[in-house]
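Student: So here's my_file-v3.pdb, just PDB, C-alpha atoms, pLDDT in the B column:
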ATOM      1  CA  MET A 830     143.727 -72.464  43.959  1.00 77.00           C
ATOM      2  CA  THR A 831     144.715 -68.836  44.344  1.00 80.00           C
ATOM      3  CA  LYS A 832     145.690 -66.433  41.571  1.00 82.00           C
ATOM      4  CA  ASP A 833     149.290 -66.402  42.795  1.00 84.00           C
ATOM      5  CA  GLU A 834     149.478 -70.202  42.840  1.00 84.00           C
ATOM      6  CA  LEU A 835     148.047 -70.357  39.348  1.00 82.00           C
ATOM      7  CA  SER A 836     150.472 -67.683  38.104  1.00 86.00           C
ATOM      8  CA  ILE A 837     153.417 -69.672  39.410  1.00 85.00           C
ATOM      9  CA  LEU A 838     152.065 -72.846  37.835  1.00 82.00           C
ATOM     10  CA  LEU A 839     151.660 -71.151  34.445  1.00 85.00           C
ATOM     11  CA  GLN A 840     155.307 -70.056  34.443  1.00 84.00           C
ATOM     12  CA  SER A 841     156.460 -73.607  33.715  1.00 79.00           C
ATOM     13  CA  ARG A 842     155.555 -76.274  31.211  1.00 84.00           C
ATOM     14  CA  LEU A 843     153.097 -78.857  32.407  1.00 79.00           C
ATOM     15  CA  SER A 844     152.482 -82.309  31.010  1.00 79.00           C
ATOM     16  CA  ARG A 845     149.232 -82.912  29.170  1.00 80.00           C
ATOM     17  CA  LYS A 846     148.099 -85.220  31.971  1.00 82.00           C
ATOM     18  CA  VAL A 847     148.761 -82.601  34.660  1.00 80.00           C
ATOM     19  CA  LYS A 848     146.997 -79.926  32.578  1.00 78.00           C
ATOM     20  CA  SER A 849     143.964 -82.170  32.108  1.00 79.00           C
ATOM     21  CA  GLU A 850     143.750 -82.987  35.810  1.00 81.00           C
ATOM     22  CA  LEU A 851     144.222 -79.320  36.681  1.00 81.00           C
ATOM     23  CA  ALA A 852     141.446 -78.314  34.270  1.00 80.00           C
ATOM     24  CA  VAL A 853     138.991 -80.676  35.945  1.00 79.00           C
ATOM     25  CA  THR A 854     139.919 -79.266  39.356  1.00 80.00           C
ATOM     26  CA  LEU A 855     139.688 -75.649  38.193  1.00 82.00           C
ATOM     27  CA  ALA A 856     136.366 -76.249  36.413  1.00 77.00           C
ATOM     28  CA  ARG A 857     134.827 -76.759  39.856  1.00 78.00           C
ATOM     29  CA  GLN A 858     135.847 -73.269  40.992  1.00 79.00           C
ATOM     30  CA  LYS A 859     133.291 -70.705  39.870  1.00 82.00           C
ATOM     31  CA  GLU A 860     135.701 -67.742  39.791  1.00 86.00           C
ATOM     32  CA  MET A 861     138.384 -69.585  37.817  1.00 88.00           C
ATOM     33  CA  PRO A 862     137.184 -68.956  34.231  1.00 90.00           C
ATOM     34  CA  ALA A 863     137.163 -65.164  34.735  1.00 92.00           C
ATOM     35  CA  LEU A 864     140.613 -65.302  36.301  1.00 93.00           C
ATOM     36  CA  LEU A 865     141.959 -67.412  33.429  1.00 94.00           C
ATOM     37  CA  ILE A 866     140.418 -65.063  30.848  1.00 96.00           C
ATOM     38  CA  ASP A 867     142.310 -62.161  32.414  1.00 96.00           C
ATOM     39  CA  MET A 868     145.524 -64.208  32.588  1.00 95.00           C
ATOM     40  CA  CYS A 869     145.321 -64.789  28.821  1.00 96.00           C
ATOM     41  CA  PHE A 870     146.232 -61.119  28.347  1.00 96.00           C
ATOM     42  CA  GLN A 871     149.612 -61.248  30.088  1.00 92.00           C
ATOM     43  CA  LYS A 872     152.525 -59.654  28.286  1.00 92.00           C
ATOM     44  CA  GLU A 873     154.572 -62.847  28.536  1.00 92.00           C
ATOM     45  CA  ALA A 874     153.461 -65.070  25.668  1.00 92.00           C
ATOM     46  CA  ALA A 875     154.118 -68.484  27.222  1.00 92.00           C
ATOM     47  CA  PRO A 876     152.080 -68.022  30.436  1.00 92.00           C
ATOM     48  CA  ALA A 877     149.306 -66.334  28.433  1.00 95.00           C
ATOM     49  CA  PHE A 878     149.222 -69.305  26.058  1.00 94.00           C
ATOM     50  CA  ARG A 879     149.146 -71.761  28.968  1.00 93.00           C
ATOM     51  CA  ALA A 880     146.291 -69.793  30.539  1.00 94.00           C
ATOM     52  CA  ALA A 881     144.371 -69.914  27.240  1.00 96.00           C
ATOM     53  CA  TRP A 882     144.961 -73.656  26.897  1.00 92.00           C
ATOM     54  CA  LEU A 883     143.768 -74.138  30.460  1.00 92.00           C
ATOM     55  CA  LEU A 884     140.762 -71.860  29.861  1.00 94.00           C
ATOM     56  CA  GLU A 885     139.695 -74.014  26.918  1.00 94.00           C
ATOM     57  CA  ALA A 886     140.188 -77.196  28.955  1.00 91.00           C
ATOM     58  CA  VAL A 887     138.197 -75.715  31.853  1.00 90.00           C
ATOM     59  CA  PHE A 888     135.435 -74.644  29.459  1.00 92.00           C
ATOM     60  CA  PHE A 889     135.029 -78.130  28.027  1.00 90.00           C
ATOM     61  CA  ALA A 890     135.461 -79.832  31.434  1.00 85.00           C
ATOM     62  CA  GLY A 891     132.739 -77.722  33.042  1.00 78.00           C
ATOM     63  CA  PRO A 892     130.702 -75.617  30.606  1.00 80.00           C
ATOM     64  CA  ALA A 893     128.090 -74.887  33.286  1.00 79.00           C
ATOM     65  CA  MET A 894     130.720 -73.230  35.489  1.00 77.00           C
ATOM     66  CA  PHE A 895     131.790 -71.095  32.533  1.00 83.00           C
ATOM     67  CA  SER A 896     128.341 -69.541  32.163  1.00 84.00           C
ATOM     68  CA  ALA A 897     129.066 -66.950  34.876  1.00 86.00           C
ATOM     69  CA  SER A 898     132.076 -65.785  32.830  1.00 90.00           C
ATOM     70  CA  ARG A 899     130.424 -65.930  29.402  1.00 91.00           C
ATOM     71  CA  GLN A 900     129.796 -62.174  29.185  1.00 93.00           C
ATOM     72  CA  HIS A 901     133.354 -61.390  30.287  1.00 95.00           C
ATOM     73  CA  PHE A 902     134.795 -63.795  27.716  1.00 96.00           C
ATOM     74  CA  ILE A 903     132.697 -62.326  24.894  1.00 96.00           C
ATOM     75  CA  ALA A 904     133.665 -58.783  25.909  1.00 96.00           C
ATOM     76  CA  MET A 905     137.376 -59.674  25.985  1.00 97.00           C
ATOM     77  CA  TYR A 906     137.369 -61.804  22.816  1.00 98.00           C
ATOM     78  CA  PRO A 907     137.986 -58.916  20.355  1.00 97.00           C
ATOM     79  CA  ALA A 908     140.929 -57.634  22.425  1.00 97.00           C
ATOM     80  CA  GLN A 909     142.961 -60.836  22.151  1.00 98.00           C
ATOM     81  CA  GLU A 910     146.092 -60.131  20.113  1.00 97.00           C
ATOM     82  CA  ASN A 911     148.158 -63.237  20.899  1.00 97.00           C
ATOM     83  CA  ASN A 912     147.652 -65.666  18.001  1.00 96.00           C
ATOM     84  CA  SER A 913     148.424 -68.654  20.216  1.00 95.00           C
ATOM     85  CA  CYS A 914     145.667 -67.554  22.590  1.00 97.00           C
ATOM     86  CA  ARG A 915     143.327 -66.764  19.704  1.00 98.00           C
ATOM     87  CA  ARG A 916     143.355 -70.422  18.713  1.00 97.00           C
ATOM     88  CA  HIS A 917     141.885 -71.386  22.089  1.00 97.00           C
ATOM     89  CA  PHE A 918     139.567 -68.379  22.169  1.00 98.00           C
ATOM     90  CA  THR A 919     138.130 -69.293  18.772  1.00 98.00           C
ATOM     91  CA  LYS A 920     137.614 -72.910  19.806  1.00 97.00           C
ATOM     92  CA  ILE A 921     135.593 -71.722  22.797  1.00 96.00           C
ATOM     93  CA  MET A 922     133.717 -69.233  20.612  1.00 97.00           C
ATOM     94  CA  ILE A 923     132.741 -71.992  18.178  1.00 96.00           C
ATOM     95  CA  ALA A 924     131.022 -73.746  21.080  1.00 94.00           C
ATOM     96  CA  LEU A 925     129.425 -70.526  22.374  1.00 94.00           C
ATOM     97  CA  THR A 926     127.935 -69.814  18.938  1.00 94.00           C
ATOM     98  CA  SER A 927     126.708 -73.361  18.242  1.00 91.00           C
ATOM     99  CA  GLY A 928     123.387 -75.024  18.912  1.00 84.00           C
ATOM    100  CA  ASP A 929     121.255 -73.638  21.718  1.00 79.00           C
ATOM    101  CA  ASP A 930     124.174 -71.637  23.132  1.00 77.00           C
ATOM    102  CA  ILE A 931     123.804 -69.130  20.305  1.00 82.00           C
ATOM    103  CA  LYS A 932     120.508 -68.006  21.854  1.00 83.00           C
ATOM    104  CA  GLN A 933     122.515 -66.480  24.696  1.00 83.00           C
ATOM    105  CA  VAL A 934     124.460 -64.215  22.312  1.00 87.00           C
ATOM    106  CA  SER A 935     122.822 -60.802  21.982  1.00 89.00           C
ATOM    107  CA  ARG A 936     122.873 -58.809  18.740  1.00 92.00           C
ATOM    108  CA  GLU A 937     125.368 -56.384  20.271  1.00 94.00           C
ATOM    109  CA  GLN A 938     127.658 -59.210  21.329  1.00 94.00           C
ATOM    110  CA  ALA A 939     127.313 -60.870  17.929  1.00 94.00           C
ATOM    111  CA  ALA A 940     128.370 -57.622  16.261  1.00 95.00           C
ATOM    112  CA  LEU A 941     131.561 -57.501  18.363  1.00 96.00           C
ATOM    113  CA  ILE A 942     132.322 -61.158  17.696  1.00 97.00           C
ATOM    114  CA  ILE A 943     131.669 -60.828  13.951  1.00 97.00           C
ATOM    115  CA  GLU A 944     133.856 -57.732  13.594  1.00 97.00           C
ATOM    116  CA  ALA A 945     136.810 -59.274  15.454  1.00 97.00           C
ATOM    117  CA  THR A 946     136.450 -62.623  13.718  1.00 97.00           C
ATOM    118  CA  PHE A 947     136.348 -61.127  10.221  1.00 96.00           C
ATOM    119  CA  SER A 948     139.385 -59.042  11.147  1.00 97.00           C
ATOM    120  CA  TRP A 949     141.303 -62.151  12.211  1.00 97.00           C
ATOM    121  CA  LEU A 950     140.174 -64.057   9.123  1.00 95.00           C
ATOM    122  CA  SER A 951     141.533 -61.367   6.803  1.00 93.00           C
ATOM    123  CA  ASP A 952     144.800 -60.798   8.719  1.00 94.00           C
ATOM    124  CA  ALA A 953     147.746 -62.426   6.909  1.00 91.00           C
ATOM    125  CA  SER A 954     149.652 -62.885  10.194  1.00 94.00           C
ATOM    126  CA  VAL A 955     146.927 -65.038  11.756  1.00 94.00           C
ATOM    127  CA  PRO A 956     147.683 -68.788  11.664  1.00 93.00           C
ATOM    128  CA  VAL A 957     145.662 -71.214   9.561  1.00 91.00           C
ATOM    129  CA  ALA A 958     144.076 -72.966  12.557  1.00 92.00           C
ATOM    130  CA  VAL A 959     142.669 -69.675  13.834  1.00 96.00           C
ATOM    131  CA  LYS A 960     141.380 -68.740  10.363  1.00 94.00           C
ATOM    132  CA  ALA A 961     139.682 -72.139  10.056  1.00 92.00           C
ATOM    133  CA  ASN A 962     138.014 -71.613  13.440  1.00 95.00           C
ATOM    134  CA  CYS A 963     136.969 -68.112  12.321  1.00 96.00           C
ATOM    135  CA  MET A 964     135.150 -69.644   9.356  1.00 94.00           C
ATOM    136  CA  ASP A 965     133.160 -71.858  11.735  1.00 93.00           C
ATOM    137  CA  ILE A 966     132.295 -68.965  14.049  1.00 96.00           C
ATOM    138  CA  LEU A 967     131.126 -66.728  11.206  1.00 95.00           C
ATOM    139  CA  ASN A 968     129.139 -69.568   9.707  1.00 92.00           C
ATOM    140  CA  ASN A 969     127.444 -70.043  13.103  1.00 93.00           C
ATOM    141  CA  LEU A 970     126.615 -66.319  13.233  1.00 94.00           C
ATOM    142  CA  LYS A 971     125.349 -65.904   9.660  1.00 91.00           C
ATOM    143  CA  GLU A 972     121.778 -65.506  10.931  1.00 89.00           C
ATOM    144  CA  TYR A 973     122.765 -62.191  12.550  1.00 89.00           C
ATOM    145  CA  GLY A 974     123.003 -60.469   9.187  1.00 88.00           C
ATOM    146  CA  ASP A 975     122.256 -61.255   5.549  1.00 87.00           C
ATOM    147  CA  TRP A 976     125.636 -59.870   4.538  1.00 92.00           C
ATOM    148  CA  ILE A 977     127.669 -62.270   6.717  1.00 92.00           C
ATOM    149  CA  LYS A 978     127.247 -65.312   4.487  1.00 90.00           C
ATOM    150  CA  ASP A 979     128.196 -63.343   1.361  1.00 90.00           C
ATOM    151  CA  GLU A 980     131.203 -61.682   3.001  1.00 92.00           C
ATOM    152  CA  LEU A 981     132.370 -64.999   4.470  1.00 90.00           C
ATOM    153  CA  GLU A 982     132.168 -66.617   1.055  1.00 89.00           C
ATOM    154  CA  ALA A 983     134.103 -63.733  -0.513  1.00 90.00           C
ATOM    155  CA  GLN A 984     136.810 -63.986   2.151  1.00 90.00           C
ATOM    156  CA  ILE A 985     137.075 -67.741   1.674  1.00 87.00           C
ATOM    157  CA  ILE A 986     137.370 -67.400  -2.113  1.00 85.00           C
ATOM    158  CA  PHE A 987     140.132 -64.846  -1.574  1.00 88.00           C
ATOM    159  CA  LEU A 988     141.931 -67.176   0.862  1.00 84.00           C
ATOM    160  CA  LEU A 989     141.657 -70.096  -1.563  1.00 83.00           C
ATOM    161  CA  ARG A 990     143.926 -68.315  -4.035  1.00 82.00           C
ATOM    162  CA  ASN A 991     147.099 -68.386  -1.951  1.00 78.00           C
ATOM    163  CA  GLY A 992     146.148 -70.257   1.208  1.00 73.00           C
ATOM    164  CA  SER A 993     147.850 -73.321   2.586  1.00 77.00           C
ATOM    165  CA  ALA A 994     146.535 -76.778   1.720  1.00 76.00           C
ATOM    166  CA  ALA A 995     144.754 -76.991   5.080  1.00 76.00           C
ATOM    167  CA  LEU A 996     143.068 -73.620   4.610  1.00 77.00           C
ATOM    168  CA  GLN A 997     142.062 -74.470   1.045  1.00 77.00           C
ATOM    169  CA  SER A 998     140.560 -77.756   2.220  1.00 79.00           C
ATOM    170  CA  ARG A 999     138.501 -76.030   4.925  1.00 79.00           C
ATOM    171  CA  GLY A1000     137.529 -73.225   2.549  1.00 81.00           C
ATOM    172  CA  ARG A1001     136.303 -75.617  -0.123  1.00 81.00           C
ATOM    173  CA  LYS A1002     134.266 -77.435   2.533  1.00 81.00           C
ATOM    174  CA  PHE A1003     132.384 -74.189   3.268  1.00 78.00           C
ATOM    175  CA  ILE A1004     131.973 -73.216  -0.390  1.00 79.00           C
ATOM    176  CA  ASN A1005     130.607 -76.668  -1.273  1.00 79.00           C
ATOM    177  CA  LYS A1006     128.224 -76.613   1.719  1.00 74.00           C
ATOM    178  CA  LYS A1007     126.104 -73.707   0.472  1.00 59.00           C
TER     179      LYS A1007
END
With the file now loaded, output its structure as structure tokens.
Tutor:
Amino acid sequence: MTKDELSILLQSRLSRKVKSELAVTLARQKEMPALLIDMCFQKEAAPAFRAAWLLEAVFFAGPAMFSASRQHFIAMYPAQENNSCRRHFTKIMIALTSGDDIKQVSREQAALIIEATFSWLSDASVPVAVKANCMDILNNLKEYGDWIKDELEAQIIFLLRNGSAALQSRGRKFINKK
């Protein structure tokens, strides 16, 4: 599929079934993850969101094909300003910072991820789902600095004061885990 064809497709709503089938097809195309990452930064919110949804689906449909775009994704992660896209970006980042995948994250990359993720966690305009994902990412990266665990705990305690029920539930899960 070409960039133009994909752009046209992202202009309209697609059923979940069509999106899932499309993700499997796109996961086989090596250049597709990088193209989708770039499309997540469109000015129009709806196509950017659809590109982010598709990027996440492609990532989970073919993680091996995503490896060529891993560095690009990590470099672009802090620049994402669309909260709808951030939800999908953080879900991918949870996977990239979990298990053996974390070994492929350099200290420099971890620093960028940590800074952006803490910023999103403390931003009142960021939705609860993104904040919850941020907690997971920072928890995964706590080995990159002694201060991360303490700062994450402090942020969670702050969020527990006025956070939604969902955020309080997730926050208590982390506090009780330590």
Student: Can you build me a table of stretch 928-955 of chain A residues sitting at most 12 Å from stretch 979-994 of chain A, with the closest atom pair per residue and its distance in Å to one decimal, using all atoms listed in the file, sorted by chain and residue number, as a tab-separated table?
Tutor:
residue	atom	partner	partner_atom	distance
A:Ile943	CA	A:Leu981	CA	10.4
A:Glu944	CA	A:Glu980	CA	11.6
A:Thr946	CA	A:Leu981	CA	10.4
A:Phe947	CA	A:Leu981	CA	8.0
A:Ser948	CA	A:Gln984	CA	10.6
A:Trp949	CA	A:Gln984	CA	11.2
A:Leu950	CA	A:Gln984	CA	7.7
A:Ser951	CA	A:Gln984	CA	7.1
A:Asp952	CA	A:Leu988	CA	10.5
A:Ala953	CA	A:Leu988	CA	9.6
A:Val955	CA	A:Gly992	CA	11.8
Student: Go ahead and save the picked residues with C-alpha atoms, as a PDB file, in the coordinates of the input.
Tutor:
ATOM      1  CA  ILE A 943     131.669 -60.828  13.951  1.00 97.00           C
ATOM      2  CA  GLU A 944     133.856 -57.732  13.594  1.00 97.00           C
ATOM      3  CA  THR A 946     136.450 -62.623  13.718  1.00 97.00           C
ATOM      4  CA  PHE A 947     136.348 -61.127  10.221  1.00 96.00           C
ATOM      5  CA  SER A 948     139.385 -59.042  11.147  1.00 97.00           C
ATOM      6  CA  TRP A 949     141.303 -62.151  12.211  1.00 97.00           C
ATOM      7  CA  LEU A 950     140.174 -64.057   9.123  1.00 95.00           C
ATOM      8  CA  SER A 951     141.533 -61.367   6.803  1.00 93.00           C
ATOM      9  CA  ASP A 952     144.800 -60.798   8.719  1.00 94.00           C
ATOM     10  CA  ALA A 953     147.746 -62.426   6.909  1.00 91.00           C
ATOM     11  CA  VAL A 955     146.927 -65.038  11.756  1.00 94.00           C
TER      12      VAL A 955
END
Student: Please report the interatomic distance between atom CA of A:His901 and atom CA of A:Val957 in Å with one decimal.
Tutor: 26.0 Å
Student: Please work out which residues fall within 12 Å of (133.8, -76.6, 27.7), coordinates as given in the file, with only C-alpha atoms counting, and return them as a list in words.
Tutor: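 These residues have at least one counted atom within 12 Å: Ala852, Val853, Ala856, Pro862, Trp882, Leu883, Leu884, Glu885, Ala886, Val887, Phe888, Phe889, Ala890, Gly891, Pro892, Ala893, Met894, Phe895, Ser896, Arg899, His917, Phe918, Lys920, Ile921, Met922, Ile923, Ala924, Leu925 and Asp930 of chain A.
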Student: For a quick check of your reading of the model, name the residues lying within 10 Å of the coordinate (143.7, -75.1, 14.3), counting only C-alpha atoms, and write them as a PDB file with C-alpha atoms, in the frame of the given file.
Tutor:
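Produced file point_33.pdb, reproduced below:
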ATOM      1  CA  SER A 913     148.424 -68.654  20.216  1.00 95.00           C
ATOM      2  CA  ARG A 915     143.327 -66.764  19.704  1.00 98.00           C
ATOM      3  CA  ARG A 916     143.355 -70.422  18.713  1.00 97.00           C
ATOM      4  CA  HIS A 917     141.885 -71.386  22.089  1.00 97.00           C
ATOM      5  CA  THR A 919     138.130 -69.293  18.772  1.00 98.00           C
ATOM      6  CA  LYS A 920     137.614 -72.910  19.806  1.00 97.00           C
ATOM      7  CA  PRO A 956     147.683 -68.788  11.664  1.00 93.00           C
ATOM      8  CA  VAL A 957     145.662 -71.214   9.561  1.00 91.00           C
ATOM      9  CA  ALA A 958     144.076 -72.966  12.557  1.00 92.00           C
ATOM     10  CA  VAL A 959     142.669 -69.675  13.834  1.00 96.00           C
ATOM     11  CA  LYS A 960     141.380 -68.740  10.363  1.00 94.00           C
ATOM     12  CA  ALA A 961     139.682 -72.139  10.056  1.00 92.00           C
ATOM     13  CA  ASN A 962     138.014 -71.613  13.440  1.00 95.00           C
ATOM     14  CA  CYS A 963     136.969 -68.112  12.321  1.00 96.00           C
ATOM     15  CA  ALA A 995     144.754 -76.991   5.080  1.00 76.00           C
ATOM     16  CA  LEU A 996     143.068 -73.620   4.610  1.00 77.00           C
TER      17      LEU A 996
END
Student: Could you state the separation of atom CA of A:Glu910 and atom CA of A:Lys932 in Å, given to one decimal place?
Tutor: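 A separation of 26.8 Å between them.
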Student: Can you tell me which residues surround A:Thr926 at a distance of at most 10 Å, considering all atoms listed in the file, apart from same-chain residues fewer than 3 positions away, and format the answer as a list of chain:residue names?
Tutor: A:Ile921, A:Met922, A:Ile923, A:Asp929, A:Asp930, A:Ile931, A:Lys932, A:Gln933, A:Val934, A:Ala939, A:Ile942, A:Asp965, A:Ile966, A:Leu967, A:Asn968, A:Asn969, A:Leu970
Student: Could you tell me how far atom CA of A:Asn1005 lies from atom CA of A:Ala945, in Å and to one decimal?
Tutor: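 Atom CA of A:Ala945 lies 24.9 Å from atom CA of A:Asn1005.
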Student: Which is closer to A:Cys869 than all the others in A:Ser998, A:Ser927, A:Ser935, A:Asn911, using all atoms listed in the file?
Tutor: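 The answer is A:Asn911, which sits nearest to A:Cys869.
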Student: Considering all atoms listed in the file, state which residue in the set A:Leu855, A:Ala897, A:Cys914, A:Met964 is at the smallest distance from A:Ala880.
Tutor: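 Among A:Leu855, A:Ala897, A:Cys914, A:Met964, it is A:Cys914 that comes nearest to A:Ala880.
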Student: Applied to the shown file, which residues does the PyMOL selection byres ((chain A and resi 835) around 10) return, written as a PyMOL selection string?
Tutor: chain A and resi 830-834+836-840+855+861+864-865+868+880
